[in-house]
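Visitor: My questions all concern the structure below.
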Amino acid sequence: MKIKKLFLLTALAFSLVSCSDLFEPAQENNRGLDEIYNEPTYAQGLLGYGYAMLPYNTKSVTDVATDDAVSNDLSNGYLKMATGAWAANNDPMSQWTNRRACIQYLNIFLEQADKVNWAKDEKARKMYCDSRKGEAYALRALNMYFLLMNHGGWDADGKLLGVPNLTASEKPSDDFNKARNTFQECLNQIYNDLEEAEKLLPLDYNDLTNDADVPAKYKAIGVQTAGEYNRVFGAIMRGRISGRIAEAICSQASLLAASPAFAAGTTVNYAKAADDAAKVLDRIGGVSGISPTGNKWFAQTSEIDNLGSGAVPQEILWRGSRTNGDEDWNLGLNQEADNFPPSLYGKGRINPTQNLVDAFPTVTGYPIADSRGGYDAGKPYENRDPRLDMYVIHDGSKYKGKEIKTDITTTGNDDGLNKVSNSTRTGYYMKKLLREDCDPNPNSKNAKYHYPVYIRYTELFLNYAEAANEAWGPKGSGSHGYSAYDVIKAIRDRAGITDVTYLNECAADKGKMRELIRNERRLELCFENKRFADLRRWKAPIDVAAGGVQIKKDGGTTTYKAFKVEDRNYKEYMYYGPIPQTEIQKWTNLRQNKGWELNNK
């Protein structure tokens, strides 16, 4: 899939023209905005900026700011943030600059799209215009969602604010000293944009084979054949944002708004959040559509290697471009080189915590603290949820044909706790997201295909479970044919936890079910940059210290000693991220979120 690479090139080329050059006579052969009207590829550079600057981290980065992981790179910005350096003038989480820049480009595009001669044929021109505008609306909504997630918050007067809601491009002569709109106003803009996107975009980019299937609105302008339609909306366009993806973004935004951190300042409730998730899930048959291998998509090597251009497996709703070592050696091995243990030529960067390991239940489904589950502290990795071995390398794990040892007593073992700079700080290494068949050995060079995942269906199932439980209780289903209970049962069954005794116990109590759903979300989405945002929107503790395990071996005896690896130094107001201090200093009408104004004056 080359679409994103094309967007990147066109967007970067366009971005070399300064904003003033868009509205004033160009200097030194710089091209003006009026030139886009007869040059669609130039116009697409504006839209392409939205794709080139998508807000997704394609590696596990923010988890090291939570109780799920630490980094052995002591210069890591998220590590510093978590241990006390988070400030309005030092915010690794900030989306302010990039998201607002994207919105500016998208606004320019939307203002000009109708004037662009997308094709000589008027029918094709109309379809191209619809498609590109639909993408722009959806991308604008996506950027606003990330702004709200990272910068929405309550000001000192008790108002829940979002960001300045800009639906028109800013001109050099404009007043840039704009106040923040309310969170609800920004949320309404997301919904409006997604509604427009869904009107203009196909649900998916698939080739029609029957002329009769051409949508009525395009038949009305003279589009008669599937081939004409496929030119614009066919499989060749896969990878672009679609109607189905727009629906998924709506689910994410609604769950954010209904969550404890924001609910008091919005009109969105959990019933709407559940319905918005179900809109996507009902299309795949509800729980019957759960991918049987969805919890290990990263290990489905044959599936990954044989994906067609733009195609997605059952688990993945939206993904980025697939890369391998033949195209880019570093991209093809980057995750493995960063995260394999030292003995496998890796840097061991992301270290799962004991906290996360303890969150995996026993194979019977009980938490390890519950004596009924049969957990044995002397054999802590036996009879556990199979996802533990799927996502985490622990002492005794077999990986790439060798036994990984993380104890402190085995001699000559660089994988041991704190043995060298690339060793684990917790006693664990990350396994999830990595391909075992890769080899970071510089003398081997057997890179493999990888692709970044933007939205998984499992996330949407968990969105539904969380919202449905709050709206209708553990076994309520609203107008849908499945409940929170049904979703969690299917997810745990897929993981290998078939005993439903504990699940049934939770189903009798909304509070216990809530904790189970949150824990399932923690496990299923670990290392996917979800945990920090989830803790904050739940108003759950974010200052829990990250722990590890020290393992000693003496003859046939192994002892496990838990210890604190790293404190989490967060304050109460940090449930909401700051507005960048530089922006607060520049614009008097821009109000800071409560708490941050007391810092970094």
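Residues in the structure tokens are numbered from 1 in each chain, the chains being A, B, ... in the order shown, and ligands are numbered from 1 in the order shown.
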Using DSSP on the backbone, list every residue of segment 91-321 of chain A that comes out as strand (DSSP E or B), and give them as number ranges by chain.

Guide: A: 153-154, 160-161, 182, 238, 240, 316-319

Visitor: Output all heavy atoms for every residue in that selection, as a compact mmCIF listing (two decimals), in the first residue's frame.

Guide:
# COMPACT_ATOMS: atom_id res chain seq x y z
N GLY A 153 -10.24 20.10 29.06
CA GLY A 153 -10.18 20.10 30.52
C GLY A 153 -10.97 21.23 31.14
O GLY A 153 -11.51 22.10 30.45
N TRP A 154 -11.05 21.22 32.45
CA TRP A 154 -11.82 22.20 33.22
C TRP A 154 -10.94 23.39 33.56
O TRP A 154 -9.80 23.23 34.03
CB TRP A 154 -12.35 21.57 34.50
CG TRP A 154 -13.21 20.37 34.26
CD1 TRP A 154 -12.78 19.08 34.06
CD2 TRP A 154 -14.62 20.34 34.16
NE1 TRP A 154 -13.84 18.25 33.85
CE2 TRP A 154 -15.00 18.99 33.90
CE3 TRP A 154 -15.62 21.31 34.26
CZ2 TRP A 154 -16.33 18.60 33.75
CZ3 TRP A 154 -16.95 20.92 34.12
CH2 TRP A 154 -17.28 19.58 33.87
N LEU A 160 -15.87 23.18 31.31
CA LEU A 160 -15.15 22.16 30.55
C LEU A 160 -14.91 22.71 29.15
O LEU A 160 -15.87 22.92 28.38
CB LEU A 160 -15.95 20.86 30.49
CG LEU A 160 -15.28 19.71 29.73
CD1 LEU A 160 -13.94 19.32 30.37
CD2 LEU A 160 -16.20 18.49 29.67
N LEU A 161 -13.65 22.93 28.84
CA LEU A 161 -13.28 23.57 27.58
C LEU A 161 -12.58 22.59 26.65
O LEU A 161 -11.94 21.63 27.09
CB LEU A 161 -12.36 24.77 27.84
CG LEU A 161 -12.93 25.89 28.71
CD1 LEU A 161 -11.89 26.99 28.91
CD2 LEU A 161 -14.21 26.46 28.10
N THR A 182 -16.23 25.52 24.13
CA THR A 182 -16.52 24.51 25.14
C THR A 182 -16.23 23.13 24.57
O THR A 182 -16.20 22.92 23.35
CB THR A 182 -17.99 24.57 25.58
OG1 THR A 182 -18.83 24.18 24.49
CG2 THR A 182 -18.36 25.96 26.08
N ARG A 238 -8.27 1.82 -1.23
CA ARG A 238 -8.15 1.28 0.13
C ARG A 238 -6.97 1.90 0.87
O ARG A 238 -5.91 2.09 0.30
CB ARG A 238 -7.98 -0.23 0.08
CG ARG A 238 -9.26 -0.99 -0.27
CD ARG A 238 -8.98 -2.47 -0.41
NE ARG A 238 -10.20 -3.21 -0.71
CZ ARG A 238 -10.21 -4.47 -1.13
NH1 ARG A 238 -9.06 -5.13 -1.27
NH2 ARG A 238 -11.34 -5.07 -1.39
N ARG A 240 -7.40 4.81 2.44
CA ARG A 240 -7.94 6.12 2.77
C ARG A 240 -9.03 5.96 3.83
O ARG A 240 -9.58 4.88 4.03
CB ARG A 240 -8.54 6.77 1.52
CG ARG A 240 -7.53 7.15 0.45
CD ARG A 240 -8.24 7.65 -0.79
NE ARG A 240 -7.32 8.06 -1.83
CZ ARG A 240 -6.88 9.29 -2.03
NH1 ARG A 240 -7.27 10.25 -1.20
NH2 ARG A 240 -6.05 9.58 -3.01
N ILE A 316 -8.58 -6.00 11.97
CA ILE A 316 -8.12 -4.63 11.77
C ILE A 316 -9.14 -3.83 10.97
O ILE A 316 -9.53 -4.21 9.87
CB ILE A 316 -6.76 -4.60 11.05
CG1 ILE A 316 -5.74 -5.51 11.77
CG2 ILE A 316 -6.23 -3.18 10.95
CD1 ILE A 316 -5.51 -5.18 13.22
N LEU A 317 -9.55 -2.69 11.52
CA LEU A 317 -10.45 -1.81 10.80
C LEU A 317 -9.67 -0.83 9.95
O LEU A 317 -10.06 -0.52 8.83
CB LEU A 317 -11.34 -1.08 11.80
CG LEU A 317 -12.61 -0.42 11.23
CD1 LEU A 317 -13.66 -0.31 12.31
CD2 LEU A 317 -12.32 0.96 10.66
N TRP A 318 -8.57 -0.31 10.48
CA TRP A 318 -7.75 0.67 9.73
C TRP A 318 -6.30 0.46 10.08
O TRP A 318 -5.95 0.31 11.25
CB TRP A 318 -8.19 2.09 10.09
CG TRP A 318 -7.67 3.16 9.17
CD1 TRP A 318 -7.22 3.02 7.88
CD2 TRP A 318 -7.57 4.56 9.47
NE1 TRP A 318 -6.86 4.23 7.36
CE2 TRP A 318 -7.07 5.20 8.30
CE3 TRP A 318 -7.87 5.33 10.59
CZ2 TRP A 318 -6.85 6.59 8.24
CZ3 TRP A 318 -7.66 6.71 10.53
CH2 TRP A 318 -7.16 7.32 9.38
N ARG A 319 -5.47 0.42 9.06
CA ARG A 319 -4.04 0.24 9.28
C ARG A 319 -3.25 1.18 8.37
O ARG A 319 -3.78 1.78 7.44
CB ARG A 319 -3.62 -1.21 8.97
CG ARG A 319 -3.70 -1.59 7.49
CD ARG A 319 -3.12 -2.98 7.26
NE ARG A 319 -3.24 -3.46 5.89
CZ ARG A 319 -2.34 -3.27 4.94
NH1 ARG A 319 -1.25 -2.57 5.20
NH2 ARG A 319 -2.52 -3.76 3.73

Visitor: So that each row is one residue of segment 390-476 of chain A with an atom at most 10 Å from segment 353-359 of chain A, can you give its shortest atom pair and the distance in Å to one decimal, using only C-alpha atoms, rows by chain and rising number, as JSON lines?

Guide:
{"residue": "A:Tyr391", "atom": "CA", "partner": "A:Val357", "partner_atom": "CA", "distance": 9.7}
{"residue": "A:Val392", "atom": "CA", "partner": "A:Val357", "partner_atom": "CA", "distance": 8.0}
{"residue": "A:His394", "atom": "CA", "partner": "A:Val357", "partner_atom": "CA", "distance": 9.3}
{"residue": "A:Arg425", "atom": "CA", "partner": "A:Thr353", "partner_atom": "CA", "distance": 8.8}
{"residue": "A:Thr426", "atom": "CA", "partner": "A:Thr353", "partner_atom": "CA", "distance": 5.8}
{"residue": "A:Gly427", "atom": "CA", "partner": "A:Thr353", "partner_atom": "CA", "distance": 8.0}
{"residue": "A:Tyr428", "atom": "CA", "partner": "A:Thr353", "partner_atom": "CA", "distance": 7.0}
{"residue": "A:Tyr429", "atom": "CA", "partner": "A:Thr353", "partner_atom": "CA", "distance": 9.0}
{"residue": "A:Met430", "atom": "CA", "partner": "A:Thr353", "partner_atom": "CA", "distance": 9.8}

Visitor: Go ahead and save the picked residues with N, CA and C atoms, as an mmCIF file, in the first residue's frame.

Guide:
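Below you can see result34.cif, which holds the result:
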data_model
loop_
_atom_site.group_PDB
_atom_site.id
_atom_site.type_symbol
_atom_site.label_atom_id
_atom_site.label_comp_id
_atom_site.auth_asym_id
_atom_site.auth_seq_id
_atom_site.Cartn_x
_atom_site.Cartn_y
_atom_site.Cartn_z
ATOM 1 N N TYR A 391 2.079 -11.917 25.300
ATOM 2 C CA TYR A 391 2.425 -10.497 25.282
ATOM 3 C C TYR A 391 3.701 -10.140 26.037
ATOM 4 N N VAL A 392 4.154 -11.039 26.931
ATOM 5 C CA VAL A 392 5.268 -10.706 27.820
ATOM 6 C C VAL A 392 6.297 -11.825 27.820
ATOM 7 N N HIS A 394 8.994 -13.457 30.070
ATOM 8 C CA HIS A 394 9.374 -13.520 31.476
ATOM 9 C C HIS A 394 10.487 -14.543 31.665
ATOM 10 N N ARG A 425 14.615 -3.566 33.308
ATOM 11 C CA ARG A 425 14.600 -2.952 34.637
ATOM 12 C C ARG A 425 13.526 -3.559 35.523
ATOM 13 N N THR A 426 12.667 -4.406 34.950
ATOM 14 C CA THR A 426 11.537 -4.954 35.719
ATOM 15 C C THR A 426 11.572 -6.473 35.854
ATOM 16 N N GLY A 427 12.411 -7.138 35.070
ATOM 17 C CA GLY A 427 12.406 -8.591 35.027
ATOM 18 C C GLY A 427 11.587 -9.124 33.858
ATOM 19 N N TYR A 428 11.108 -8.211 32.975
ATOM 20 C CA TYR A 428 10.266 -8.615 31.853
ATOM 21 C C TYR A 428 10.647 -7.843 30.585
ATOM 22 N N TYR A 429 10.370 -8.466 29.437
ATOM 23 C CA TYR A 429 10.528 -7.811 28.139
ATOM 24 C C TYR A 429 9.200 -7.855 27.389
ATOM 25 N N MET A 430 8.981 -6.842 26.566
ATOM 26 C CA MET A 430 7.766 -6.818 25.755
ATOM 27 C C MET A 430 7.875 -7.826 24.620
#

Visitor: Could you pull the residues within 10 Å of segment 68-80 of chain A, counting only C-alpha atoms, minus those fewer than 4 positions along the same chain, as a PyMOL selection string?

Guide: chain A and resi 60-64+84-86+90-93+347-357+359+418+420-426+428-430+522-523+526-527+531-532+544-548+565-566+568-569

Visitor: Quick one: residues within 7 Å of segment 172-178 of chain A, only C-alpha atoms, excluding same-chain residues fewer than 2 positions away - as a list in words?

Guide: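 Result of the neighbour search: Ser20, Pro164, Glu170, Arg180, Trp587, Thr588, Asn589 and Leu590 of chain A.
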
Visitor: Identify which of the residues A:Arg372, A:Lys564, A:Lys419, A:Lys59 lies closest to Asn334 of chain A, counting only C-alpha atoms when measuring atom-to-atom distances.

Guide: A:Lys59

Visitor: Can you pull out every residue within 7 Å of Leu147 of chain A, counting only C-alpha atoms, but drop anything in the same chain fewer than 5 positions away, and send it as an NGL selection string?

Guide: :A and (95-96 or 99 or 152)

Visitor: Please produce a file of those selected residues containing N, CA and C atoms, as a short mmCIF file (atom, residue, chain, number, x, y, z; two decimals), in the first residue's frame.

Guide:
data_model
loop_
_atom_site.label_atom_id
_atom_site.label_comp_id
_atom_site.auth_asym_id
_atom_site.auth_seq_id
_atom_site.Cartn_x
_atom_site.Cartn_y
_atom_site.Cartn_z
N GLN A 95 -0.62 17.40 21.44
CA GLN A 95 -1.06 17.27 20.06
C GLN A 95 -1.40 18.65 19.47
N TRP A 96 -1.17 19.68 20.21
CA TRP A 96 -1.65 21.01 19.86
C TRP A 96 -1.15 21.48 18.50
N ARG A 99 -2.03 18.87 15.35
CA ARG A 99 -3.45 18.73 15.04
C ARG A 99 -4.03 20.04 14.50
N GLY A 152 -8.41 18.85 26.28
CA GLY A 152 -9.68 19.23 26.88
C GLY A 152 -9.57 19.18 28.40
#

Visitor: Pick out the closest residue to Leu142 of chain A from this set: A:Pro202, A:Gly577, A:Gly158, A:Gly50. Count only C-alpha atoms.

Guide: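 Of the candidates, the smallest distance to Leu142 of chain A is held by A:Gly50.
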
Visitor: DSSP on the backbone: which residues in segment 405-569 of chain A end up as alpha helix (DSSP H)? Give the answer as an MDAnalysis selection string.

Guide: chainID A and resid 457:472 484:495 501:506 510:524 531:538

Visitor: When distances are computed from only C-alpha atoms, which of A:Ile455, A:Leu139, A:Ala273, A:Ile497 shows the smallest separation from Gly320 of chain A?

Guide: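 Checking each candidate against Gly320 of chain A, we get A:Ile455 as the closest.
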
Visitor: Taking into account only C-alpha atoms, which residue in the set A:Asn107, A:Asn230, A:Gln224, A:Thr409 is nearest to Asp193 of chain A?

Guide: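 Result for the nearest residue to Asp193 of chain A: A:Asn107.
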
Visitor: Using only C-alpha atoms, pick whichever of A:Ala216, A:Leu525, A:Gly346, A:Pro474 has the shortest atom-to-atom distance to Glu505 of chain A.

Guide: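 Closest to Glu505 of chain A, using only C-alpha atoms: A:Pro474.
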
Visitor: Given only C-alpha atoms as the basis, pick out the residue of A:Asn295, A:Gln592, A:Asn529, A:Asn463 nearest to Ala65 of chain A.

Guide: A:Asn529

Visitor: Need to verify the contact set: Ile290 of chain A, 12 Å, only C-alpha atoms, exclusion of same-chain residues closer than 4 positions in sequence. Can you return it as a PyMOL selection string?

Guide: chain A and resi 281-286+294-295+313-317+456-462+486-495

Visitor: For N, CA and C atoms, I'd like the residues from the last selection saved as a PDB file, in the first residue's frame.

Guide:
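The resulting selection_19.pdb:
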ATOM      1  N   LEU A 281     -20.189  -2.438  15.079  1.00  0.00           N
ATOM      2  CA  LEU A 281     -20.142  -3.868  15.394  1.00  0.00           C
ATOM      3  C   LEU A 281     -21.317  -4.636  14.810  1.00  0.00           C
ATOM      4  N   ASP A 282     -22.476  -3.998  14.751  1.00  0.00           N
ATOM      5  CA  ASP A 282     -23.637  -4.679  14.167  1.00  0.00           C
ATOM      6  C   ASP A 282     -23.379  -5.056  12.713  1.00  0.00           C
ATOM      7  N   ARG A 283     -22.571  -4.287  12.028  1.00  0.00           N
ATOM      8  CA  ARG A 283     -22.276  -4.552  10.610  1.00  0.00           C
ATOM      9  C   ARG A 283     -21.494  -5.848  10.421  1.00  0.00           C
ATOM     10  N   ILE A 284     -20.823  -6.302  11.478  1.00  0.00           N
ATOM     11  CA  ILE A 284     -20.055  -7.545  11.358  1.00  0.00           C
ATOM     12  C   ILE A 284     -20.697  -8.678  12.165  1.00  0.00           C
ATOM     13  N   GLY A 285     -21.941  -8.481  12.547  1.00  0.00           N
ATOM     14  CA  GLY A 285     -22.663  -9.539  13.241  1.00  0.00           C
ATOM     15  C   GLY A 285     -22.485  -9.549  14.736  1.00  0.00           C
ATOM     16  N   GLY A 286     -22.077  -8.434  15.332  1.00  0.00           N
ATOM     17  CA  GLY A 286     -21.888  -8.398  16.784  1.00  0.00           C
ATOM     18  C   GLY A 286     -20.776  -9.336  17.228  1.00  0.00           C
ATOM     19  N   GLY A 294      -7.721 -12.334  16.671  1.00  0.00           N
ATOM     20  CA  GLY A 294      -7.573 -10.893  16.788  1.00  0.00           C
ATOM     21  C   GLY A 294      -6.657 -10.438  17.896  1.00  0.00           C
ATOM     22  N   ASN A 295      -6.494 -11.242  18.935  1.00  0.00           N
ATOM     23  CA  ASN A 295      -5.617 -10.843  20.037  1.00  0.00           C
ATOM     24  C   ASN A 295      -4.143 -11.103  19.746  1.00  0.00           C
ATOM     25  N   PRO A 313      -7.016  -7.578   7.599  1.00  0.00           N
ATOM     26  CA  PRO A 313      -7.532  -8.835   8.148  1.00  0.00           C
ATOM     27  C   PRO A 313      -8.769  -8.573   8.986  1.00  0.00           C
ATOM     28  N   GLN A 314      -9.388  -9.623   9.459  1.00  0.00           N
ATOM     29  CA  GLN A 314     -10.665  -9.511  10.167  1.00  0.00           C
ATOM     30  C   GLN A 314     -10.580  -8.627  11.402  1.00  0.00           C
ATOM     31  N   GLU A 315      -9.463  -8.629  12.098  1.00  0.00           N
ATOM     32  CA  GLU A 315      -9.322  -7.872  13.333  1.00  0.00           C
ATOM     33  C   GLU A 315      -9.131  -6.377  13.096  1.00  0.00           C
ATOM     34  N   ILE A 316      -8.576  -5.998  11.969  1.00  0.00           N
ATOM     35  CA  ILE A 316      -8.119  -4.632  11.769  1.00  0.00           C
ATOM     36  C   ILE A 316      -9.141  -3.827  10.974  1.00  0.00           C
ATOM     37  N   LEU A 317      -9.545  -2.694  11.519  1.00  0.00           N
ATOM     38  CA  LEU A 317     -10.450  -1.813  10.803  1.00  0.00           C
ATOM     39  C   LEU A 317      -9.668  -0.826   9.948  1.00  0.00           C
ATOM     40  N   ARG A 456      -8.460  -1.163  15.895  1.00  0.00           N
ATOM     41  CA  ARG A 456      -8.791  -2.585  15.919  1.00  0.00           C
ATOM     42  C   ARG A 456     -10.245  -2.770  16.318  1.00  0.00           C
ATOM     43  N   TYR A 457     -10.846  -3.825  15.825  1.00  0.00           N
ATOM     44  CA  TYR A 457     -12.209  -4.133  16.224  1.00  0.00           C
ATOM     45  C   TYR A 457     -12.297  -4.466  17.702  1.00  0.00           C
ATOM     46  N   THR A 458     -11.257  -5.081  18.256  1.00  0.00           N
ATOM     47  CA  THR A 458     -11.300  -5.412  19.686  1.00  0.00           C
ATOM     48  C   THR A 458     -11.487  -4.165  20.523  1.00  0.00           C
ATOM     49  N   GLU A 459     -10.852  -3.064  20.142  1.00  0.00           N
ATOM     50  CA  GLU A 459     -11.054  -1.811  20.870  1.00  0.00           C
ATOM     51  C   GLU A 459     -12.526  -1.403  20.830  1.00  0.00           C
ATOM     52  N   LEU A 460     -13.160  -1.547  19.684  1.00  0.00           N
ATOM     53  CA  LEU A 460     -14.560  -1.149  19.568  1.00  0.00           C
ATOM     54  C   LEU A 460     -15.475  -2.075  20.371  1.00  0.00           C
ATOM     55  N   PHE A 461     -15.146  -3.362  20.409  1.00  0.00           N
ATOM     56  CA  PHE A 461     -15.912  -4.276  21.256  1.00  0.00           C
ATOM     57  C   PHE A 461     -15.786  -3.880  22.730  1.00  0.00           C
ATOM     58  N   LEU A 462     -14.590  -3.498  23.124  1.00  0.00           N
ATOM     59  CA  LEU A 462     -14.390  -3.080  24.508  1.00  0.00           C
ATOM     60  C   LEU A 462     -15.064  -1.738  24.781  1.00  0.00           C
ATOM     61  N   ASP A 486     -21.693 -10.631  27.070  1.00  0.00           N
ATOM     62  CA  ASP A 486     -21.432 -11.429  25.864  1.00  0.00           C
ATOM     63  C   ASP A 486     -20.089 -11.075  25.244  1.00  0.00           C
ATOM     64  N   VAL A 487     -19.780  -9.788  25.223  1.00  0.00           N
ATOM     65  CA  VAL A 487     -18.511  -9.348  24.639  1.00  0.00           C
ATOM     66  C   VAL A 487     -17.337  -9.873  25.449  1.00  0.00           C
ATOM     67  N   ILE A 488     -17.376  -9.687  26.756  1.00  0.00           N
ATOM     68  CA  ILE A 488     -16.252 -10.111  27.594  1.00  0.00           C
ATOM     69  C   ILE A 488     -16.114 -11.625  27.583  1.00  0.00           C
ATOM     70  N   LYS A 489     -17.223 -12.334  27.573  1.00  0.00           N
ATOM     71  CA  LYS A 489     -17.157 -13.795  27.479  1.00  0.00           C
ATOM     72  C   LYS A 489     -16.451 -14.212  26.188  1.00  0.00           C
ATOM     73  N   ALA A 490     -16.810 -13.580  25.069  1.00  0.00           N
ATOM     74  CA  ALA A 490     -16.202 -13.936  23.787  1.00  0.00           C
ATOM     75  C   ALA A 490     -14.714 -13.603  23.760  1.00  0.00           C
ATOM     76  N   ILE A 491     -14.334 -12.468  24.332  1.00  0.00           N
ATOM     77  CA  ILE A 491     -12.930 -12.069  24.345  1.00  0.00           C
ATOM     78  C   ILE A 491     -12.112 -12.997  25.232  1.00  0.00           C
ATOM     79  N   ARG A 492     -12.632 -13.343  26.390  1.00  0.00           N
ATOM     80  CA  ARG A 492     -11.900 -14.243  27.281  1.00  0.00           C
ATOM     81  C   ARG A 492     -11.854 -15.661  26.716  1.00  0.00           C
ATOM     82  N   ASP A 493     -12.928 -16.080  26.089  1.00  0.00           N
ATOM     83  CA  ASP A 493     -12.937 -17.401  25.471  1.00  0.00           C
ATOM     84  C   ASP A 493     -11.884 -17.471  24.368  1.00  0.00           C
ATOM     85  N   ARG A 494     -11.782 -16.412  23.571  1.00  0.00           N
ATOM     86  CA  ARG A 494     -10.754 -16.360  22.536  1.00  0.00           C
ATOM     87  C   ARG A 494      -9.360 -16.462  23.146  1.00  0.00           C
ATOM     88  N   ALA A 495      -9.187 -15.889  24.307  1.00  0.00           N
ATOM     89  CA  ALA A 495      -7.876 -15.905  24.975  1.00  0.00           C
ATOM     90  C   ALA A 495      -7.543 -17.264  25.579  1.00  0.00           C
TER      91      ALA A 495
END

Visitor: I'd like the contact shell of segment 305-309 of chain A - 10 Å cut-off, only C-alpha atoms, skipping same-chain residues fewer than 6 positions apart - returned as a PyMOL selection string.

Guide: chain A and resi 1-3+235-239+321-324+448-450

Visitor: In Å, with one decimal, what is the gap from atom CA of Gly234 of chain A to atom CA of Asn210 of chain A?

Guide: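 These two atoms are separated by 12.7 Å.
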